[in-house]
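Q: Right, I'll just put the structure down here and ask away after.
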Amino acid sequence: FGWIVNKKGNLHLEEEKNWPKMFESLINQRIDSIKDTEFSRYAPEVEKYYQYHKDILRKVNEPALAHDDFRPGNILVEGKEISGILDWARASLSDPEYDLVNTIFHFAEEIDLEDEKVEDRIIGGYKHSGDLSSNFEDKKDLYMACCVIGKMIGFSKVWGENYSDEKKEEISERLQAKLEEIILGNN
């Protein structure tokens, strides 16, 4: 497990002991980062949610190459075929189901379909090449919470300024509602 980074033009794996440690590092970094945003009030709630659910991560055994930003804007298409995947800056060897949940979240945010339809289609495609773990449903909400706060951080610190005040408010409310649905609905 670990992060794939570019060091002086060479790919290098910054190893983590195991998936629980790697995810802990990721979510703690995001919890710290969200404290400097308009979403700061969620930091203690996400921390509490993570602490309560972190033991479900112990059942992850095998890492897989993960993109961590697989979304429509990072996919090149020629005709009806995928011709390339862009932006591997956050690539890692991690739980493939984390990348699956992250992909579901990004696609649900960016295409005009109901969240459930997006999830059903992506999971259906995933099942053609592999099985979901027996505890996928347990991990899904924890992974989704991490994805949502990651999006909140990006929205607040990077790309949110590109929108009108009205659109910013809409995005902010949608992200908050999604996070609240997860952390308040599943404790």
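By order of appearance in the structure tokens: chains A, B, ..., then residues from 1 within every chain, and ligands from 1 in the order shown.
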Can you tell me which residues surround segment 113-125 of chain A at a distance of at most 10 Å, considering only C-alpha atoms, apart from same-chain residues fewer than 6 positions away, and format the answer as a list in words?
A: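 Neighbouring residues, sequence-local ones excluded: Glu97, Leu100, Val101, Thr103, Ile104, Phe105, His106, Phe107, Asp131 and Leu132 of chain A.
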Q: So that I have them on file, write out the residues from the current selection with C-alpha atoms, as a CSV table (one decimal), in the first residue's frame.
A:
chain,number,residue,atom,x,y,z
A,97,GLU,CA,-13.1,-0.3,-3.3
A,100,LEU,CA,-14.7,2.6,-6.7
A,101,VAL,CA,-16.6,4.7,-4.1
A,103,THR,CA,-15.5,7.2,-8.8
A,104,ILE,CA,-19.2,6.8,-7.9
A,105,PHE,CA,-19.1,10.1,-6.0
A,106,HIS,CA,-17.3,12.0,-8.8
A,107,PHE,CA,-19.6,10.7,-11.5
A,131,ASP,CA,-16.3,-9.2,-6.8
A,132,LEU,CA,-17.0,-6.7,-4.1
Q: Might you pull out every residue within 10 Å of Lys54 of chain A, with only C-alpha atoms counted and same-chain residues fewer than 5 positions away left off, and present them as a PyMOL selection string?
A: chain A and resi 20+23-24+49+139+142
Q: Please give the complete set of residues from segment 66-99 of chain A that DSSP, run on the backbone, assigns to strand (DSSP E), formatted as a ChimeraX atom specification.
A: /A:66,75-78,81-85,92-94
Q: Select, from A:Ser133, A:Asn162, A:Ser172, A:Ser156, the residue with the minimum atom-to-atom distance to Lys59 of chain A, counting only C-alpha atoms.
A: A:Ser133
Q: Sorted by chain and rising residue number, list the residues of segment 99-175 of chain A at most 9 Å from segment 40-46 of chain A (counting only C-alpha atoms), each with its closest atom pair and distance in Å to one decimal, as CSV.
A:
residue,atom,partner,partner_atom,distance
A:Ala145,CA,A:Val46,CA,7.4
A:Cys146,CA,A:Val46,CA,8.3
A:Ile149,CA,A:Val46,CA,8.6
Q: For Pro96 of chain A, find every residue with an atom within 8 Å (counting only C-alpha atoms), except residues of its own chain fewer than 6 positions away, and show them as a list of chain:residue names.
A: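 Non-adjacent residues within range: A:Pro63, A:Ala64, A:Leu65, A:Ala66.
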Q: Include C-alpha atoms and write out the residues we just selected as a PDB file, in the first residue's frame.
A:
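What ended up in out.pdb:
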ATOM      1  CA  PRO A  63      -3.847  -3.309  -2.812  1.00  0.00           C
ATOM      2  CA  ALA A  64      -4.655  -2.297  -6.369  1.00  0.00           C
ATOM      3  CA  LEU A  65      -3.613   0.621  -8.537  1.00  0.00           C
ATOM      4  CA  ALA A  66      -6.021   3.463  -7.779  1.00  0.00           C
TER       5      ALA A  66
END
Q: Using only C-alpha atoms, which residues sit within 12 Å of Asp68 of chain A once same-chain residues fewer than 6 positions away are excluded, as a count of residues only?
A: 31
Q: For each of A:Arg174, A:Lys140, A:Lys35, A:Lys167, take the minimum atom-to-atom distance to His53 of chain A, counting only C-alpha atoms, then give the residue where this is smallest.
A: A:Lys140
Q: Run DSSP on the backbone and tell me which residues of chain A come out as alpha helix (DSSP H); list them as a PyMOL selection string.
A: chain A and resi 19-34+43-53+96-110+115-129+136-154+165-185
Q: Please compute the atom CA of Met152 of chain A-atom CA of Lys7 of chain A distance, one decimal, in Å.
A: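 Pair atom CA of Met152 of chain A / atom CA of Lys7 of chain A returns 28.2 Å.
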